[in-house]
Amino acid sequence: MKYMLLIYETPDTRELFTGAEGGELMGRVGAIMRELTDSGELVGTQALADPSNAKSVRTSGGSPAITDGPFAEAKEHLGGYVIVECDLERALDIASRWPAVRTGGMEVRPIMDVGGAEM
Amino acid sequence: MSGRDAVEDLLRALAPQVLGALVRRHGQFDACEDAVQEALIEAAEQWPERGLPDSPRGWLQAVAERRLVDGWRSERARREREERVAVLEPAEPSQTLDGDDTLALLFLCCHPALTPPSQIALTLRAVGGLTTDQIARAFLVPEATMAQRVSRAKQRIRASGGTFAMPPEHERDTRLRAVLHVLYLIFNEGYTASSGPALRRGELTVEAIRLARLLVRLLPDDPEVAGLLALMLLTDARRDARATSHGDLVPLAEQDRGRWDRAAIEEGIALLTATLPRGRVGAYQLQAAIAAVHAEAPSAEQTDWPQILALYMLLERVEPNPIVTLNRAVALAMADGPRAGLELLATLDGDERLAGHHRLAAVRAHLLELAGDDEAARDAYREAARRTTSLPEQRYLERRAARLPA
């Protein structure tokens, strides 16, 4: 099964990563990524730019309207994702070890399969 | 069949033979497997253009040997080689037949120290002769990911002392079961994908059937090996009827049975008929027998449901698990009425292994619909649609919910 690990951050997350512990935390992220690459479980990963760079599109008066900034005011924002192929237990283990869990959180979501069984 | 397809078929058939001979000679499964893969890629590029060499197998063998020697020449490879030779002793040179080599390769690729995704990747490459790129595309992952799975698998085999030899007699049965499971997983991956945009993955069923046929030739007396091949053939026979041209799933009861592959069905039934009287009934034979009863029925209504129910009861005894019970509930509903099926389903409610599983809600929805309880059926279909992680299943379940009168 493929899972997407959504990394939710807060304004405190960047502080944490640029602070005194930052080097060690980045090291931990690097170690997890190496582990996932070596095992062949890593399917893809991306980090997202700060939400202040976001633009949002929503329908206004029947046509799409573009606004600056994220869609909704929120304490947490999506900071990036990791896609892994493994079982749920392992996906949860990876998520629990991710340093951003300390300030934000991780959401583990199964990815929809394009195949299916007839019933 | 185009020249390129013919070349691919030949390469896939030769791959395990060449690899087996190479490993017997040099004893380094890891390096030999890489060398054979390189030789296969070269052949796939050259042969369709320049024609087949006089001895295709000799050509592959020579090129693979050369690649192996090239590898040794590099400093790093030489250092690694000493470690490898220490662990992976070459099998004794003997009057080994190609078939035994292929069997030993299958056992090695499905080594218990590996995770199923690694077993699958290595089996398809080393025994199936597929390239890393082909396997990666079939499983919808980047090529680098698949390459890493293969090399990690080989590292683990080395670390756990796996050798290129037949497992000892007392392990043989467990190891064979692992091989059958890997082939079953490869088949399933291809079969469930054989609708919608990922059509290419359907090739995995062809590969799984080819490998299962190979195994039946190597172990003609094992009833479960034949049972697995029969199950694959009888299931794959439905491939053209299982989805609409838009990729929408068609349930068994509504499939156009005229589009089932009669030749595959006959072959599957013949295999089973020859196997069943030989005793030691296993889970693959029973599942194949159930598929055979469906295959022989002119319609869902005219299916021998009591027979299917009896087979599921046997299967539950051989391999008890809640999914089998779920399927038995469907058979029971068809044989004795939907209420009987729903009562059996109720016994699964507390089962942790099924907690939140969409199949439980989907079966309940179906039985409630049969019982005429449209409102509860609709809720159950919607719950199943929320729970499933398959896009075509979700569309199917939503359609079923919408079809019920409000």
# chains A, B, ... in the order shown; residues from 1 in each chain; ligands from 1

call {"tool": "closest_atom_pairs", "arguments": {"of": "chain A", "to": "chain B", "cutoff": "7 Å", "atoms": "only C-alpha atoms", "output": "JSON lines"}}
result
{"residue": "A:Asp38", "atom": "CA", "partner": "B:Gln148", "partner_atom": "CA", "distance": 6.1}
{"residue": "A:Ser39", "atom": "CA", "partner": "B:Arg149", "partner_atom": "CA", "distance": 6.1}
{"residue": "A:Gly40", "atom": "CA", "partner": "B:Arg149", "partner_atom": "CA", "distance": 4.4}
{"residue": "A:Glu41", "atom": "CA", "partner": "B:Thr145", "partner_atom": "CA", "distance": 6.9}
{"residue": "A:Leu42", "atom": "CA", "partner": "B:Thr145", "partner_atom": "CA", "distance": 6.4}
{"residue": "A:Val43", "atom": "CA", "partner": "B:Val141", "partner_atom": "CA", "distance": 5.8}
{"residue": "A:Pro110", "atom": "CA", "partner": "B:Thr389", "partner_atom": "CA", "distance": 6.8}
{"residue": "A:Ile111", "atom": "CA", "partner": "B:Thr389", "partner_atom": "CA", "distance": 6.8}
{"residue": "A:Met112", "atom": "CA", "partner": "B:Thr389", "partner_atom": "CA", "distance": 4.7}
{"residue": "A:Asp113", "atom": "CA", "partner": "B:Ser390", "partner_atom": "CA", "distance": 4.5}
{"residue": "A:Val114", "atom": "CA", "partner": "B:Leu391", "partner_atom": "CA", "distance": 5.5}
{"residue": "A:Gly115", "atom": "CA", "partner": "B:Ala193", "partner_atom": "CA", "distance": 4.0}
{"residue": "A:Gly116", "atom": "CA", "partner": "B:Thr192", "partner_atom": "CA", "distance": 4.8}
{"residue": "A:Ala117", "atom": "CA", "partner": "B:Thr192", "partner_atom": "CA", "distance": 5.3}
{"residue": "A:Glu118", "atom": "CA", "partner": "B:Pro251", "partner_atom": "CA", "distance": 5.1}
{"residue": "A:Met119", "atom": "CA", "partner": "B:Pro251", "partner_atom": "CA", "distance": 4.9}

call {"tool": "residues_around", "arguments": {"residues": "Gly30 in chain A", "least_positions_apart": "6", "cutoff": "12 Å", "atoms": "only C-alpha atoms", "output": "list of chain:residue names"}}
result
A:Gly23, A:Glu24, A:Leu36, A:Thr37, A:Arg97, A:Trp98, A:Pro99

call {"tool": "write_last_selection", "arguments": {"atoms": "C-alpha atoms", "output": "JSON list (two decimals), in the first residue's frame"}}
result
[["chain", "number", "residue", "atom", "x", "y", "z"],
["A", 23, "GLY", "CA", 21.26, 20.85, 12.86],
["A", 24, "GLU", "CA", 20.42, 17.74, 14.79],
["A", 36, "LEU", "CA", 13.59, 5.05, 3.08],
["A", 37, "THR", "CA", 15.71, 5.42, -0.06],
["A", 97, "ARG", "CA", 9.84, 9.73, 14.11],
["A", 98, "TRP", "CA", 9.48, 12.84, 11.94],
["A", 99, "PRO", "CA", 10.82, 15.84, 13.95]]

call {"tool": "closest_residue", "arguments": {"among": "B:Asp30, B:Glu398, B:Glu296, B:Glu224", "to": "Arg382 in chain B", "atoms": "only C-alpha atoms"}}
result
B:Glu398

call {"tool": "residues_around", "arguments": {"residues": "Glu9 in chain A", "least_positions_apart": "3", "cutoff": "8 Å", "atoms": "only C-alpha atoms", "output": "PyMOL selection string"}}
result
chain A and resi 12-13+76-79+100+103-105

call {"tool": "write_last_selection", "arguments": {"atoms": "N, CA and C atoms", "output": "mmCIF file, in the first residue's frame"}}
result
data_model
loop_
_atom_site.group_PDB
_atom_site.id
_atom_site.type_symbol
_atom_site.label_atom_id
_atom_site.label_comp_id
_atom_site.auth_asym_id
_atom_site.auth_seq_id
_atom_site.Cartn_x
_atom_site.Cartn_y
_atom_site.Cartn_z
ATOM 1 N N ASP A 12 6.005 27.841 14.584
ATOM 2 C CA ASP A 12 7.096 27.426 15.472
ATOM 3 C C ASP A 12 8.050 26.419 14.819
ATOM 4 N N THR A 13 7.558 25.739 13.786
ATOM 5 C CA THR A 13 8.384 24.671 13.202
ATOM 6 C C THR A 13 9.683 25.239 12.642
ATOM 7 N N GLU A 76 -2.069 25.608 11.443
ATOM 8 C CA GLU A 76 -1.149 24.659 10.817
ATOM 9 C C GLU A 76 -1.225 24.797 9.301
ATOM 10 N N HIS A 77 -0.104 24.540 8.639
ATOM 11 C CA HIS A 77 -0.129 24.520 7.180
ATOM 12 C C HIS A 77 0.635 23.299 6.682
ATOM 13 N N LEU A 78 0.321 22.927 5.437
ATOM 14 C CA LEU A 78 1.013 21.793 4.832
ATOM 15 C C LEU A 78 2.426 22.223 4.465
ATOM 16 N N GLY A 79 3.418 21.543 5.033
ATOM 17 C CA GLY A 79 4.807 21.931 4.787
ATOM 18 C C GLY A 79 5.478 21.070 3.727
ATOM 19 N N ALA A 100 9.057 17.175 12.849
ATOM 20 C CA ALA A 100 8.027 18.213 12.827
ATOM 21 C C ALA A 100 6.826 17.844 13.689
ATOM 22 N N THR A 103 6.105 20.169 16.744
ATOM 23 C CA THR A 103 5.409 21.465 16.697
ATOM 24 C C THR A 103 4.087 21.374 15.952
ATOM 25 N N GLY A 104 4.049 20.562 14.918
ATOM 26 C CA GLY A 104 2.814 20.431 14.127
ATOM 27 C C GLY A 104 2.286 19.026 14.253
ATOM 28 N N GLY A 105 2.203 18.338 13.139
ATOM 29 C CA GLY A 105 1.729 16.958 13.186
ATOM 30 C C GLY A 105 1.897 16.313 11.828
#

call {"tool": "residues_around", "arguments": {"residues": "Pro11 in chain A", "least_positions_apart": "3", "cutoff": "8 Å", "atoms": "only C-alpha atoms", "output": "PyMOL selection string"}}
result
chain A and resi 14-15+75-76

call {"tool": "residues_around", "arguments": {"residues": "Pro322 in chain B", "least_positions_apart": "2", "cutoff": "10 Å", "atoms": "only C-alpha atoms", "output": "list in words"}}
result
Glu316, Glu319, Pro320, Val324, Thr325, Leu326, Asn327, Arg328, Leu345, Thr347, Leu348, Asp351, Glu352, Arg353, Leu354 and Leu360 of chain B

call {"tool": "atom_distance", "arguments": {"atom1": "CA of Ala264 in chain B", "atom2": "CA of Ala44 in chain B"}}
result
29.6 Å

call {"tool": "select_by_dssp", "arguments": {"residues": "chain A", "states": "strand (DSSP E)", "output": "number ranges by chain"}}
result
A: 2-9, 42-47, 55-60, 63-68, 77-85, 105-110

call {"tool": "write_last_selection", "arguments": {"atoms": "C-alpha atoms", "output": "PDB file, in the first residue's frame"}}
result
ATOM      1  CA  LYS A   2       1.189   3.505  -0.776  1.00  0.00           C
ATOM      2  CA  TYR A   3       0.744   6.148   1.899  1.00  0.00           C
ATOM      3  CA  MET A   4       1.206   9.888   1.769  1.00  0.00           C
ATOM      4  CA  LEU A   5       2.653  11.341   4.933  1.00  0.00           C
ATOM      5  CA  LEU A   6       1.457  14.948   5.038  1.00  0.00           C
ATOM      6  CA  ILE A   7       3.736  17.129   7.111  1.00  0.00           C
ATOM      7  CA  TYR A   8       1.811  19.807   8.977  1.00  0.00           C
ATOM      8  CA  GLU A   9       3.887  22.639  10.382  1.00  0.00           C
ATOM      9  CA  LEU A  42      10.443   5.936  -0.860  1.00  0.00           C
ATOM     10  CA  VAL A  43       8.184   6.719  -3.812  1.00  0.00           C
ATOM     11  CA  GLY A  44       8.424  10.521  -3.743  1.00  0.00           C
ATOM     12  CA  THR A  45       8.830  13.572  -1.558  1.00  0.00           C
ATOM     13  CA  GLN A  46       8.619  17.353  -1.834  1.00  0.00           C
ATOM     14  CA  ALA A  47       8.907  20.287   0.555  1.00  0.00           C
ATOM     15  CA  LYS A  55      -2.141  31.829  -4.275  1.00  0.00           C
ATOM     16  CA  SER A  56      -5.651  30.507  -3.936  1.00  0.00           C
ATOM     17  CA  VAL A  57      -8.274  29.974  -6.593  1.00  0.00           C
ATOM     18  CA  ARG A  58     -11.964  29.728  -5.782  1.00  0.00           C
ATOM     19  CA  THR A  59     -15.137  30.433  -7.638  1.00  0.00           C
ATOM     20  CA  SER A  60     -16.572  33.865  -7.165  1.00  0.00           C
ATOM     21  CA  SER A  63     -15.795  32.378 -12.504  1.00  0.00           C
ATOM     22  CA  PRO A  64     -12.498  31.439 -10.859  1.00  0.00           C
ATOM     23  CA  ALA A  65     -10.998  34.240  -8.795  1.00  0.00           C
ATOM     24  CA  ILE A  66      -7.380  34.307  -7.691  1.00  0.00           C
ATOM     25  CA  THR A  67      -6.304  35.686  -4.349  1.00  0.00           C
ATOM     26  CA  ASP A  68      -2.941  35.945  -2.590  1.00  0.00           C
ATOM     27  CA  HIS A  77      -0.129  24.520   7.180  1.00  0.00           C
ATOM     28  CA  LEU A  78       1.013  21.793   4.832  1.00  0.00           C
ATOM     29  CA  GLY A  79       4.807  21.931   4.787  1.00  0.00           C
ATOM     30  CA  GLY A  80       5.490  19.024   2.470  1.00  0.00           C
ATOM     31  CA  TYR A  81       4.860  15.356   1.906  1.00  0.00           C
ATOM     32  CA  VAL A  82       6.564  11.989   1.695  1.00  0.00           C
ATOM     33  CA  ILE A  83       5.075   9.079  -0.250  1.00  0.00           C
ATOM     34  CA  VAL A  84       6.105   5.627   0.922  1.00  0.00           C
ATOM     35  CA  GLU A  85       5.122   2.102  -0.055  1.00  0.00           C
ATOM     36  CA  GLY A 105       1.729  16.958  13.186  1.00  0.00           C
ATOM     37  CA  MET A 106       1.785  14.275  10.559  1.00  0.00           C
ATOM     38  CA  GLU A 107      -1.236  12.915   8.742  1.00  0.00           C
ATOM     39  CA  VAL A 108      -0.956   9.424   7.249  1.00  0.00           C
ATOM     40  CA  ARG A 109      -3.349   8.874   4.330  1.00  0.00           C
ATOM     41  CA  PRO A 110      -3.634   5.836   2.041  1.00  0.00           C
TER      42      PRO A 110
END

call {"tool": "atom_distance", "arguments": {"atom1": "CA of Thr123 in chain B", "atom2": "CA of Leu52 in chain B"}}
result
25.8 Å

call {"tool": "atom_distance", "arguments": {"atom1": "CA of Leu204 in chain B", "atom2": "CA of Ile135 in chain B"}}
result
8.9 Å
